[in-house]
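One file, query.csv, carrying CSV, C-alpha atoms and all ligand atoms:
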```csv
chain,number,residue,atom,x,y,z
F,647,MET,CA,-40.5,-135.2,-12.9
F,648,PHE,CA,-40.6,-136.6,-16.4
F,649,ILE,CA,-43.8,-138.5,-15.6
F,650,LYS,CA,-45.4,-135.4,-14.2
F,651,THR,CA,-44.4,-133.3,-17.2
F,652,CYS,CA,-45.8,-136.0,-19.4
F,653,LEU,CA,-49.1,-136.1,-17.6
F,654,LEU,CA,-49.3,-132.3,-18.0
F,655,LEU,CA,-48.5,-132.3,-21.6
F,656,LEU,CA,-50.3,-135.6,-22.4
F,657,LEU,CA,-47.7,-135.9,-25.1
F,658,CYS,CA,-45.3,-138.4,-23.7
F,659,GLY,CA,-45.5,-140.7,-26.7
F,660,ILE,CA,-44.9,-137.9,-29.1
F,661,VAL,CA,-42.1,-136.3,-27.1
F,662,SER,CA,-40.3,-139.6,-26.9
F,663,LEU,CA,-40.7,-140.4,-30.5
F,664,SER,CA,-39.4,-137.0,-31.6
F,665,ALA,CA,-36.1,-137.8,-29.8
F,666,HIS,CA,-35.5,-140.2,-32.7
F,667,GLY,CA,-38.2,-138.7,-34.7
F,668,TYR,CA,-36.9,-138.8,-38.2
F,669,GLU,CA,-37.5,-135.0,-38.5
F,670,GLY,CA,-36.4,-134.1,-42.1
F,671,TYR,CA,-35.5,-137.6,-43.1
F,672,LYS,CA,-36.3,-138.2,-46.7
F,673,ILE,CA,-37.3,-141.3,-48.5
F,674,TYR,CA,-36.0,-141.7,-52.0
F,675,ASP,CA,-37.0,-144.1,-54.8
F,676,ILE,CA,-34.1,-144.7,-57.2
F,677,ASN,CA,-34.2,-146.4,-60.5
F,678,ALA,CA,-31.1,-148.1,-61.6
F,679,ARG,CA,-31.2,-148.3,-65.4
F,680,ASN,CA,-28.1,-150.3,-66.0
F,681,SER,CA,-25.6,-152.5,-64.2
F,682,PHE,CA,-23.3,-149.5,-63.6
F,683,GLU,CA,-26.0,-147.7,-61.7
F,684,LYS,CA,-26.9,-150.8,-59.8
F,685,GLN,CA,-23.3,-151.2,-58.7
F,686,LEU,CA,-23.3,-147.6,-57.6
F,687,LEU,CA,-26.4,-148.3,-55.4
F,688,LEU,CA,-24.8,-151.4,-54.0
F,689,ARG,CA,-21.8,-149.4,-53.0
F,690,LEU,CA,-24.0,-146.7,-51.4
F,691,ALA,CA,-25.9,-149.5,-49.5
F,692,ASN,CA,-22.7,-150.4,-47.8
F,693,ASN,CA,-22.8,-147.1,-46.0
F,694,ASP,CA,-24.5,-147.7,-42.6
F,695,ASP,CA,-25.8,-144.2,-42.6
F,696,TYR,CA,-28.2,-144.9,-45.4
F,697,ASP,CA,-31.2,-147.1,-44.6
F,698,PHE,CA,-31.9,-149.1,-47.7
F,699,PHE,CA,-35.5,-150.5,-47.3
F,700,ASP,CA,-34.7,-152.8,-50.2
F,701,MET,CA,-31.5,-153.7,-51.9
F,702,PRO,CA,-30.8,-152.9,-55.5
F,703,ARG,CA,-31.8,-156.1,-57.4
F,704,SER,CA,-33.3,-156.1,-60.8
F,705,LEU,CA,-33.3,-153.2,-63.1
F,706,GLU,CA,-37.1,-153.1,-63.2
F,707,ALA,CA,-37.7,-152.4,-59.5
F,708,ALA,CA,-36.9,-149.1,-57.8
F,709,THR,CA,-34.7,-149.2,-54.7
F,710,ARG,CA,-36.0,-147.3,-51.7
F,711,VAL,CA,-33.7,-145.6,-49.2
F,712,MET,CA,-34.1,-143.3,-46.2
F,713,VAL,CA,-31.5,-140.7,-45.7
F,714,GLN,CA,-31.1,-138.4,-42.6
F,715,PRO,CA,-30.8,-134.6,-43.2
F,716,LYS,CA,-27.1,-134.3,-42.7
F,717,ASP,CA,-26.3,-136.8,-45.5
F,718,GLN,CA,-28.9,-135.7,-48.0
F,719,GLU,CA,-26.8,-133.1,-49.9
F,720,ALA,CA,-24.0,-135.5,-50.5
F,721,PHE,CA,-26.3,-138.3,-51.3
F,722,GLU,CA,-28.2,-136.3,-53.9
F,723,GLN,CA,-25.0,-135.0,-55.4
F,724,THR,CA,-23.7,-138.5,-55.9
F,725,LEU,CA,-26.8,-139.5,-57.7
F,726,GLN,CA,-26.7,-136.4,-59.8
F,727,ARG,CA,-23.1,-136.7,-60.7
F,728,PHE,CA,-23.8,-140.1,-62.2
F,729,SER,CA,-27.1,-139.0,-63.7
F,730,VAL,CA,-29.0,-141.6,-61.7
F,731,ASP,CA,-32.8,-141.2,-61.7
F,732,TYR,CA,-34.5,-140.7,-58.4
F,733,MET,CA,-37.6,-139.2,-56.8
F,734,VAL,CA,-38.3,-138.1,-53.3
F,735,LEU,CA,-41.2,-140.2,-52.1
F,736,ASP,CA,-41.4,-138.6,-48.6
F,737,GLU,CA,-40.0,-135.2,-47.8
F,738,ASN,CA,-40.2,-135.6,-44.1
F,739,MET,CA,-40.6,-139.0,-42.6
F,740,GLY,CA,-40.8,-137.4,-39.2
F,741,ASN,CA,-44.2,-135.8,-40.1
F,742,THR,CA,-45.5,-139.1,-41.6
F,743,LEU,CA,-44.5,-141.2,-38.6
F,744,GLN,CA,-46.0,-138.7,-36.1
F,745,GLN,CA,-49.3,-138.8,-38.0
F,746,ASP,CA,-49.1,-142.6,-38.0
F,747,GLN,CA,-48.5,-142.6,-34.3
F,748,LEU,CA,-51.4,-140.4,-33.5
F,749,GLU,CA,-53.7,-142.4,-35.7
F,750,ASN,CA,-52.5,-145.7,-34.2
F,751,LYS,CA,-52.9,-144.4,-30.7
F,752,SER,CA,-56.5,-143.3,-31.3
F,753,GLN,CA,-57.3,-146.6,-33.0
F,754,ARG,CA,-55.9,-148.6,-30.1
F,755,LEU,CA,-57.9,-146.7,-27.6
F,756,MET,CA,-61.1,-147.1,-29.7
F,757,SER,CA,-60.6,-150.8,-30.2
F,758,GLN,CA,-60.1,-151.3,-26.5
F,759,ARG,CA,-63.3,-149.5,-25.5
F,760,GLY,CA,-65.7,-152.2,-24.4
F,761,ALA,CA,-63.7,-154.9,-26.3
F,762,ASP,CA,-63.5,-158.4,-24.9
F,763,ARG,CA,-60.1,-159.0,-26.3
F,764,SER,CA,-56.8,-157.1,-26.0
F,765,ILE,CA,-56.1,-156.8,-29.6
F,766,SER,CA,-57.9,-155.8,-32.8
F,767,PHE,CA,-57.0,-155.6,-36.5
F,768,THR,CA,-57.6,-151.9,-36.6
F,769,ALA,CA,-54.5,-150.9,-34.8
F,770,PHE,CA,-50.9,-152.1,-34.2
F,771,HIS,CA,-50.6,-153.4,-30.7
F,772,ARG,CA,-48.0,-153.3,-28.0
F,773,HIS,CA,-46.2,-156.5,-27.0
F,774,ALA,CA,-47.9,-156.6,-23.6
F,775,GLU,CA,-51.3,-156.5,-25.4
F,776,ILE,CA,-50.3,-159.3,-27.7
F,777,ASN,CA,-49.2,-161.5,-24.8
F,778,ALA,CA,-52.4,-160.7,-23.0
F,779,TYR,CA,-54.4,-161.8,-26.0
F,780,LEU,CA,-52.6,-165.2,-26.0
F,781,ASP,CA,-53.4,-165.6,-22.3
F,782,GLU,CA,-57.0,-164.7,-22.9
F,783,LEU,CA,-57.3,-167.4,-25.5
F,784,ALA,CA,-55.6,-170.0,-23.3
F,785,LYS,CA,-58.2,-169.2,-20.7
F,786,ALA,CA,-61.2,-169.1,-23.0
F,787,TYR,CA,-60.3,-172.1,-25.1
F,788,ALA,CA,-58.4,-174.3,-22.7
F,789,SER,CA,-59.1,-177.5,-24.5
F,790,ARG,CA,-57.6,-176.3,-27.8
F,791,VAL,CA,-55.0,-173.8,-26.8
F,792,ARG,CA,-51.8,-173.9,-24.8
F,793,VAL,CA,-49.7,-170.8,-24.2
F,794,GLU,CA,-46.1,-171.2,-23.0
F,795,THR,CA,-43.4,-168.7,-22.0
F,796,VAL,CA,-40.5,-170.1,-23.9
F,797,GLY,CA,-37.9,-167.7,-22.7
F,798,LYS,CA,-37.1,-164.1,-22.2
F,799,SER,CA,-35.8,-161.4,-24.5
F,800,TYR,CA,-32.5,-159.6,-23.7
F,801,GLU,CA,-34.5,-156.9,-21.9
F,802,GLY,CA,-36.5,-159.5,-20.0
F,803,ARG,CA,-39.8,-159.6,-21.9
F,804,ASP,CA,-41.7,-162.8,-21.9
F,805,ILE,CA,-41.6,-164.6,-25.3
F,806,LYS,CA,-44.7,-166.7,-25.7
F,807,THR,CA,-45.8,-169.3,-28.1
F,808,ILE,CA,-49.4,-170.5,-28.6
F,809,THR,CA,-49.9,-174.1,-29.6
F,810,ILE,CA,-53.3,-174.6,-31.2
F,811,SER,CA,-54.9,-178.0,-31.7
F,812,ASN,CA,-58.4,-179.3,-32.4
F,813,GLY,CA,-58.7,-180.5,-28.8
F,814,ASP,CA,-59.0,-184.2,-29.6
F,815,GLY,CA,-56.3,-185.0,-27.1
F,816,LYS,CA,-54.1,-186.9,-29.6
F,817,SER,CA,-50.4,-186.2,-29.2
F,818,GLY,CA,-47.4,-186.4,-31.5
F,819,LYS,CA,-49.1,-184.7,-34.4
F,820,ASN,CA,-47.2,-183.0,-37.2
F,821,VAL,CA,-46.6,-179.3,-36.7
F,822,ILE,CA,-46.8,-176.1,-38.6
F,823,PHE,CA,-44.5,-173.6,-37.0
F,824,LEU,CA,-45.1,-169.9,-37.7
F,825,ASP,CA,-43.2,-166.9,-36.4
F,826,ALA,CA,-43.1,-163.2,-37.1
F,827,GLY,CA,-41.5,-160.0,-35.9
F,828,ILE,CA,-37.8,-161.0,-35.9
F,829,HIS,CA,-37.4,-157.6,-37.7
F,830,ALA,CA,-38.7,-155.0,-35.3
F,831,ARG,CA,-40.1,-152.4,-37.8
F,832,GLU,CA,-42.1,-154.9,-39.9
F,833,TRP,CA,-45.3,-154.3,-37.8
F,834,ILE,CA,-47.6,-156.0,-40.3
F,835,ALA,CA,-45.9,-159.3,-39.7
F,836,PRO,CA,-46.9,-159.8,-36.1
F,837,ALA,CA,-50.4,-158.5,-37.1
F,838,GLY,CA,-50.5,-161.3,-39.7
F,839,ALA,CA,-49.5,-163.9,-37.1
F,840,LEU,CA,-52.2,-162.7,-34.8
F,841,TYR,CA,-54.7,-163.0,-37.5
F,842,VAL,CA,-53.7,-166.6,-38.1
F,843,ILE,CA,-54.1,-167.2,-34.4
F,844,TYR,CA,-57.5,-165.5,-34.4
F,845,GLN,CA,-58.7,-167.6,-37.3
F,846,LEU,CA,-57.5,-171.0,-35.9
F,847,VAL,CA,-58.8,-170.4,-32.4
F,848,GLU,CA,-61.8,-168.0,-32.5
F,849,ASN,CA,-63.0,-169.1,-36.0
F,850,PHE,CA,-62.2,-172.7,-35.4
F,851,ILE,CA,-65.1,-174.5,-37.1
F,852,PRO,CA,-64.5,-173.4,-40.7
F,853,ASN,CA,-60.8,-173.9,-40.2
F,854,ALA,CA,-61.1,-177.3,-38.5
F,855,ASP,CA,-59.5,-179.1,-41.5
F,856,LEU,CA,-56.3,-177.2,-40.9
F,857,LEU,CA,-56.1,-178.7,-37.4
F,858,LYS,CA,-57.2,-182.3,-38.1
F,859,ASN,CA,-53.9,-184.0,-38.2
F,860,TYR,CA,-51.7,-181.0,-37.4
F,861,GLU,CA,-50.9,-178.6,-34.5
F,862,TRP,CA,-49.9,-175.1,-35.1
F,863,VAL,CA,-47.2,-173.5,-33.0
F,864,ILE,CA,-47.1,-169.7,-33.4
F,865,LEU,CA,-44.6,-167.2,-32.0
F,866,PRO,CA,-46.1,-163.8,-33.0
F,867,VAL,CA,-43.2,-161.6,-31.9
F,868,VAL,CA,-39.7,-163.1,-32.0
F,869,ASN,CA,-38.0,-159.8,-31.2
F,870,PRO,CA,-40.1,-158.0,-28.6
F,871,ASP,CA,-37.4,-155.6,-27.4
F,872,GLY,CA,-36.9,-154.3,-31.0
F,873,TYR,CA,-40.7,-154.2,-31.5
F,874,GLU,CA,-41.3,-152.2,-28.4
F,875,TYR,CA,-38.4,-149.9,-29.3
F,876,THR,CA,-40.1,-149.1,-32.6
F,877,HIS,CA,-43.2,-148.1,-30.6
F,878,THR,CA,-41.5,-146.0,-28.0
F,879,ASP,CA,-38.3,-144.6,-29.7
F,880,SER,CA,-37.3,-145.3,-33.2
F,881,ARG,CA,-40.0,-146.5,-35.6
F,882,MET,CA,-37.5,-147.8,-38.2
F,883,TRP,CA,-35.4,-149.9,-35.9
F,884,ARG,CA,-34.9,-153.4,-37.3
F,885,LYS,CA,-32.6,-155.4,-35.0
F,886,THR,CA,-32.6,-156.8,-31.5
F,887,ARG,CA,-31.5,-154.5,-28.7
F,888,LYS,CA,-28.5,-156.2,-27.0
F,889,PRO,CA,-25.4,-154.1,-27.1
F,890,ALA,CA,-22.7,-155.3,-29.5
F,891,GLY,CA,-19.5,-153.5,-30.1
F,892,THR,CA,-20.1,-149.8,-30.5
F,893,CYS,CA,-23.7,-150.1,-31.4
F,894,LYS,CA,-26.8,-152.0,-30.3
F,895,GLY,CA,-28.6,-154.8,-31.8
F,896,THR,CA,-28.1,-157.8,-34.2
F,897,ASP,CA,-30.1,-158.7,-37.2
F,898,GLY,CA,-31.8,-161.8,-35.9
F,899,ASN,CA,-32.3,-163.1,-39.5
F,900,ARG,CA,-28.5,-163.2,-40.0
F,901,ASN,CA,-27.8,-164.8,-36.6
F,902,PHE,CA,-28.7,-168.4,-37.3
F,903,ASP,CA,-25.9,-170.9,-37.4
F,904,PHE,CA,-26.0,-172.2,-41.0
F,905,HIS,CA,-23.3,-170.7,-43.2
F,906,TRP,CA,-23.4,-167.9,-40.6
F,907,GLY,CA,-21.9,-164.7,-41.8
F,908,GLU,CA,-20.6,-166.1,-45.1
F,909,VAL,CA,-22.6,-163.7,-47.3
F,910,GLY,CA,-25.0,-160.8,-47.2
F,911,ALA,CA,-24.4,-160.1,-43.5
F,912,SER,CA,-22.4,-157.3,-42.0
F,913,SER,CA,-19.6,-157.5,-39.5
F,914,SER,CA,-20.2,-154.0,-38.4
F,915,SER,CA,-22.3,-153.8,-35.3
F,916,CYS,CA,-23.8,-150.5,-36.5
F,917,ALA,CA,-25.1,-152.1,-39.7
F,918,ASP,CA,-28.8,-153.1,-40.0
F,919,THR,CA,-27.7,-156.5,-41.3
F,920,TYR,CA,-25.2,-157.1,-38.5
F,921,LYS,CA,-24.7,-160.9,-38.1
F,922,GLY,CA,-23.9,-160.7,-34.4
F,923,GLN,CA,-20.8,-161.4,-32.3
F,924,THR,CA,-21.3,-165.2,-32.8
F,925,ALA,CA,-24.0,-167.3,-34.3
F,926,PHE,CA,-27.0,-167.4,-31.9
F,927,SER,CA,-25.5,-164.6,-29.9
F,928,GLU,CA,-29.1,-163.4,-29.3
F,929,PRO,CA,-31.5,-164.9,-26.7
F,930,GLU,CA,-34.3,-164.4,-29.2
F,931,THR,CA,-32.7,-166.5,-31.9
F,932,GLN,CA,-31.7,-169.1,-29.4
F,933,ILE,CA,-35.4,-169.4,-28.5
F,934,VAL,CA,-36.4,-170.0,-32.1
F,935,ARG,CA,-33.5,-172.4,-32.6
F,936,ASP,CA,-34.6,-174.5,-29.6
F,937,LEU,CA,-38.2,-174.5,-30.7
F,938,LEU,CA,-37.3,-175.6,-34.2
F,939,LEU,CA,-34.9,-178.3,-33.0
F,940,GLY,CA,-37.5,-179.5,-30.6
F,941,LEU,CA,-39.9,-180.1,-33.5
F,942,THR,CA,-37.5,-182.0,-35.7
F,943,GLY,CA,-39.4,-184.9,-37.2
F,944,ARG,CA,-42.9,-183.5,-36.4
F,945,GLY,CA,-42.2,-180.1,-37.9
F,946,LYS,CA,-43.3,-180.1,-41.5
F,947,PHE,CA,-43.8,-176.5,-42.4
F,948,TYR,CA,-41.8,-173.5,-41.1
F,949,LEU,CA,-43.2,-170.1,-42.1
F,950,THR,CA,-41.7,-166.8,-41.1
F,951,LEU,CA,-43.5,-163.6,-41.7
F,952,HIS,CA,-41.7,-160.4,-42.8
F,953,SER,CA,-42.4,-157.3,-44.8
F,954,TYR,CA,-42.2,-156.0,-47.4
F,955,GLY,CA,-42.2,-156.7,-51.1
F,956,ASN,CA,-44.7,-159.5,-51.8
F,957,TYR,CA,-42.4,-162.5,-51.9
F,958,LEU,CA,-42.7,-166.1,-51.1
F,959,LEU,CA,-39.1,-167.3,-50.6
F,960,TYR,CA,-37.6,-170.6,-50.0
F,961,PRO,CA,-34.0,-171.9,-49.4
F,962,TRP,CA,-31.4,-171.4,-50.1
F,963,GLY,CA,-30.7,-167.9,-48.8
F,964,TRP,CA,-26.9,-168.5,-48.6
F,965,THR,CA,-26.3,-169.7,-52.2
F,966,SER,CA,-27.9,-169.4,-55.6
F,967,ASP,CA,-27.9,-173.2,-55.8
F,968,LEU,CA,-31.3,-174.8,-55.2
F,969,PRO,CA,-31.9,-177.6,-52.7
F,970,SER,CA,-32.7,-181.0,-54.3
F,971,SER,CA,-36.3,-180.8,-53.0
F,972,TRP,CA,-36.9,-177.3,-54.4
F,973,ARG,CA,-39.9,-178.5,-56.5
F,974,ALA,CA,-41.7,-179.4,-53.3
F,975,LEU,CA,-40.9,-176.0,-51.8
F,976,ASP,CA,-41.9,-174.3,-55.0
F,977,GLU,CA,-45.3,-176.1,-55.1
F,978,VAL,CA,-46.2,-174.9,-51.7
F,979,ALA,CA,-45.1,-171.3,-52.3
F,980,GLN,CA,-46.9,-171.2,-55.7
F,981,ALA,CA,-50.1,-172.4,-54.1
F,982,GLY,CA,-49.9,-169.4,-51.7
F,983,ALA,CA,-49.2,-167.0,-54.5
F,984,ALA,CA,-52.0,-168.4,-56.6
F,985,ALA,CA,-54.6,-168.2,-53.8
F,986,ILE,CA,-53.7,-164.6,-53.1
F,987,LYS,CA,-53.7,-163.6,-56.8
F,988,SER,CA,-57.2,-165.1,-57.3
F,989,SER,CA,-58.6,-163.6,-54.1
F,990,THR,CA,-57.4,-160.0,-54.3
F,991,GLY,CA,-55.3,-159.8,-57.4
F,992,THR,CA,-52.1,-159.1,-55.4
F,993,LYS,CA,-49.1,-160.5,-57.1
F,994,TYR,CA,-46.4,-162.3,-55.1
F,995,THR,CA,-43.0,-163.3,-56.5
F,996,VAL,CA,-42.0,-166.9,-55.8
F,997,GLY,CA,-38.5,-168.4,-55.8
F,998,SER,CA,-35.4,-169.1,-53.7
F,999,SER,CA,-34.4,-166.1,-51.7
F,1000,THR,CA,-30.9,-165.8,-53.2
F,1001,ASN,CA,-32.3,-166.0,-56.7
F,1002,VAL,CA,-35.3,-163.7,-56.2
F,1003,LEU,CA,-33.6,-161.2,-53.8
F,1004,TYR,CA,-29.9,-161.6,-52.9
F,1005,ALA,CA,-27.8,-164.0,-50.9
F,1006,ALA,CA,-28.0,-163.5,-47.2
F,1007,ALA,CA,-26.7,-166.3,-44.9
F,1008,GLY,CA,-27.8,-166.9,-41.3
F,1009,GLY,CA,-31.5,-166.8,-42.0
F,1010,SER,CA,-34.0,-168.7,-39.9
F,1011,ASP,CA,-35.5,-170.3,-43.0
F,1012,ASP,CA,-32.3,-172.0,-44.1
F,1013,TYR,CA,-31.7,-173.2,-40.5
F,1014,ALA,CA,-35.2,-174.6,-40.2
F,1015,PHE,CA,-34.8,-176.4,-43.5
F,1016,ALA,CA,-31.3,-177.7,-43.2
F,1017,THR,CA,-30.7,-178.2,-39.5
F,1018,ALA,CA,-34.2,-178.7,-38.0
F,1019,LYS,CA,-35.2,-180.7,-41.0
F,1020,PHE,CA,-38.5,-179.0,-41.8
F,1021,PRO,CA,-39.2,-180.2,-45.3
F,1022,ILE,CA,-41.0,-177.0,-46.2
F,1023,SER,CA,-39.5,-173.7,-45.1
F,1024,ILE,CA,-40.8,-170.4,-46.4
F,1025,THR,CA,-40.3,-166.7,-45.8
F,1026,MET,CA,-43.3,-164.6,-46.6
F,1027,GLU,CA,-42.7,-160.9,-47.3
F,1028,LEU,CA,-46.1,-159.1,-46.9
F,1029,PRO,CA,-47.0,-156.1,-49.0
F,1030,ALA,CA,-45.7,-152.6,-48.4
F,1031,GLY,CA,-47.9,-150.0,-46.8
F,1032,GLY,CA,-47.2,-146.3,-46.4
F,1033,THR,CA,-43.5,-145.8,-47.4
F,1034,GLY,CA,-43.0,-149.5,-46.9
F,1035,PHE,CA,-42.9,-150.6,-43.3
F,1036,ASN,CA,-45.7,-148.3,-42.1
F,1037,PRO,CA,-49.0,-149.4,-43.4
F,1038,SER,CA,-51.9,-147.3,-42.2
F,1039,THR,CA,-54.2,-148.8,-39.6
F,1040,ALA,CA,-56.9,-149.1,-42.3
F,1041,GLN,CA,-54.6,-151.4,-44.3
F,1042,ILE,CA,-54.1,-153.9,-41.5
F,1043,LEU,CA,-57.3,-155.9,-42.0
F,1044,PRO,CA,-57.1,-156.1,-45.8
F,1045,PHE,CA,-53.4,-157.1,-45.6
F,1046,VAL,CA,-53.8,-159.8,-42.9
F,1047,THR,CA,-56.9,-161.3,-44.4
F,1048,GLU,CA,-55.1,-161.6,-47.8
F,1049,THR,CA,-52.1,-163.1,-46.0
F,1050,TRP,CA,-54.3,-165.6,-44.3
F,1051,THR,CA,-55.7,-166.7,-47.7
F,1052,GLY,CA,-52.1,-167.5,-48.8
F,1053,ILE,CA,-51.1,-169.2,-45.6
F,1054,LYS,CA,-54.2,-171.4,-45.7
F,1055,ALA,CA,-53.5,-172.5,-49.3
F,1056,MET,CA,-49.9,-173.3,-48.4
F,1057,ALA,CA,-50.9,-175.2,-45.3
F,1058,LYS,CA,-53.4,-177.3,-47.3
F,1059,VAL,CA,-50.7,-178.5,-49.7
F,1060,VAL,CA,-48.5,-179.4,-46.7
F,1061,LEU,CA,-51.2,-181.3,-44.8
F,1062,ASN,CA,-52.1,-183.3,-47.9
F,1063,LYS,CA,-48.5,-184.3,-48.6
F,1064,TYR,CA,-46.8,-184.8,-45.3
G,1101,ZN,ZN,-37.7,-158.8,-42.4
```
Can the structure from this file be put into structure tokens for me?
Amino acid sequence: MFIKTCLLLLLCGIVSLSAHGYEGYKIYDINARNSFEKQLLLRLANNDDYDFFDMPRSLEAATRVMVQPKDQEAFEQTLQRFSVDYMVLDENMGNTLQQDQLENKSQRLMSQRGADRSISFTAFHRHAEINAYLDELAKAYASRVRVETVGKSYEGRDIKTITISNGDGKSGKNVIFLDAGIHAREWIAPAGALYVIYQLVENFIPNADLLKNYEWVILPVVNPDGYEYTHTDSRMWRKTRKPAGTCKGTDGNRNFDFHWGEVGASSSSCADTYKGQTAFSEPETQIVRDLLLGLTGRGKFYLTLHSYGNYLLYPWGWTSDLPSSWRALDEVAQAGAAAIKSSTGTKYTVGSSTNVLYAAAGGSDDYAFATAKFPISITMELPAGGTGFNPSTAQILPFVTETWTGIKAMAKVVLNKY
């Protein structure tokens, strides 16, 4: 019956989105002008009902938060009572996301018309299309590409990696491991990973240097259940989808077993930064763990793509101390930032994640560095689009090409040094 109704209305997608459609949700930008106001924001951020897109950090940068209609009056009153400056960036996120969805749908259809590949960089693609693209590459470039199903998500989706080489048949090469999409709503991150795949495979000749003594292993969507859920139900979902306590989902990037849960992670299963019932409680983080550990020794560079904020971050995430090799990490990250700056003018901030952002234990970057012994481990936060997590389809190509410039520059430092 539902299917029939959907066919009649041709509105299935829109109807299902409006069930969690963010109707009347507002996005606020708040400027904390002193440490008292910053503390106030930090306290508000502890409330799971408020969705802080970024945490209050420095006094220079505004904090962005999404608030549902029922909480808006109290939220605004609190800010007004303490004379905190704020502005409403988006009066109705529901409208914005519905327009985004229509635009993405039409771009997806257009890009598929007569196309010889399942994906494009003019639309955000579904997980099945992304997997289909990997399989197409494995078929078309069999000597240089290997695609493996490395496990299944909680809801049973195939999680695939693509291993890209130059096809010279030599084994045991060093490895650059790249992943994306551990946070479901950060759609530009999987797009960025797909663009790296596209460059290394389909544009091989100008990039052959990057594959001379190295293989690249790329996992474009770590959290496909969450990713699909952001397409079908709730665009701003961040976590995995496995039930935990009274709510669903764990923050995959708080679920790794290195100082797990010690700082910057929530014990409340309803929180967006929920650390999980145990370390590696999620099948998706177990898969990344096993890939990383399987690469110990050969794995020289772990890069994980997120959005947003223009950051290149390195360990530690769990403490403000720096690892003894921080200069090597900094050199790689700085090379990425410099390449991006000189190509597009976009400015990235470089530093250890605790010092640049805030302490948050259980991240994949700390684990890759400390436990899987990747000497270089970096989290790249791509730029904001739209209100942050929702770049327009027209922004995809400029963002991913710029990101590729930075990734190439970082990879070149790594291949020259390790
Ligand atoms: Zn993220």
Fill in: d(CA of Arg944 in chain F, CA of Pro969 in chain F) in Å
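According to the coordinates, CA of Arg944 in chain F and CA of Pro969 in chain F are separated by 20.5 Å.
Among the candidates F:Gln744, F:Ser953, F:Thr807, F:Ser970, the residue lying nearest to ligand ZN 1101 (chain G) is F:Ser953 (atoms considered: all atoms listed in the file).
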Item to complete: Between F:Gly997, F:Gly891, F:Gly922, F:Gly1034, single out the one closest to ligand ZN 1101 (chain G), counting only C-alpha atoms and all ligand atoms.
Response: F:Gly1034
Discussion item. Nearest residue to Ile808 in chain F out of F:Ile676, F:Ile864, F:Leu783, F:Val996, using all atoms listed in the file?
Written reply: F:Ile864
Worksheet entry | Selected residue, from F:Val934, F:Ile834, F:Ala778, F:Ile822, that lies nearest to ligand ZN 1101 (chain G) when counting all atoms listed in the file | F:Ile834
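Compared by their closest atoms to Met1056 in chain F, and using all atoms listed in the file, the residues F:Lys798, F:Arg831, F:Lys751, F:Lys946 rank with F:Lys946 nearest.
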Please find the residues contacting ligand ZN 1101 (chain G) at a distance of at most 7 Å between atoms, with all atoms listed in the file counted, and report them as a PDB file with C-alpha atoms, in the coordinates of the input.
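Produced file pocket39.pdb, reproduced below:
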```
ATOM      1  CA  ILE F 828     -37.800-161.000 -35.900  1.00  0.00           C
ATOM      2  CA  HIS F 829     -37.400-157.600 -37.700  1.00  0.00           C
ATOM      3  CA  GLU F 832     -42.100-154.900 -39.900  1.00  0.00           C
ATOM      4  CA  HIS F 952     -41.700-160.400 -42.800  1.00  0.00           C
ATOM      5  CA  SER F 953     -42.400-157.300 -44.800  1.00  0.00           C
TER       6      SER F 953
END
```
Item to complete: Determine, counting all atoms listed in the file, which protein, DNA and RNA residues have an atom within 8 Å of an atom of Ala1006 in chain F; residues of the same chain fewer than 5 positions away are not included. Present the result as a list of chain:residue names.
Response: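 Counting all atoms listed in the file, the residues come to F:Arg900, F:Val909, F:Gly910, F:Ala911, F:Gly963, F:Trp964, F:Thr1000.
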Worksheet item: Contacts of Thr876 in chain F at 12 Å or less, counting only C-alpha atoms, minus same-chain residues fewer than 4 places along, as a PyMOL selection string?
Response: chain F and resi 659+662-663+666-667+743+747+770-773+827+829-833+869-872+880-887+1035-1036
Excluding same-chain residues fewer than 5 positions from Ile933 in chain F, what lies within 9 Å of it counting only C-alpha atoms, as a PDB file with C-alpha atoms, in the coordinates of the input?
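Written out: around-v1.pdb:
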```
ATOM      1  CA  VAL F 796     -40.500-170.100 -23.900  1.00  0.00           C
ATOM      2  CA  GLY F 797     -37.900-167.700 -22.700  1.00  0.00           C
ATOM      3  CA  LYS F 798     -37.100-164.100 -22.200  1.00  0.00           C
ATOM      4  CA  SER F 799     -35.800-161.400 -24.500  1.00  0.00           C
ATOM      5  CA  ILE F 805     -41.600-164.600 -25.300  1.00  0.00           C
ATOM      6  CA  VAL F 868     -39.700-163.100 -32.000  1.00  0.00           C
ATOM      7  CA  GLU F 928     -29.100-163.400 -29.300  1.00  0.00           C
ATOM      8  CA  LEU F 938     -37.300-175.600 -34.200  1.00  0.00           C
TER       9      LEU F 938
END
```
Response to the item:
Correct to one decimal, the distance CA of Ala1030 in chain F-CA of Gln718 in chain F is 23.8 Å
Item to complete: Within 9 Å of (-34.3, -172.9, -36.3) (coordinates as in the file), grab all the protein and nucleic acid residues, counting only C-alpha atoms, and write them out as a PyMOL selection string.
Response: chain F and resi 902-903+931-939+948+1009-1018
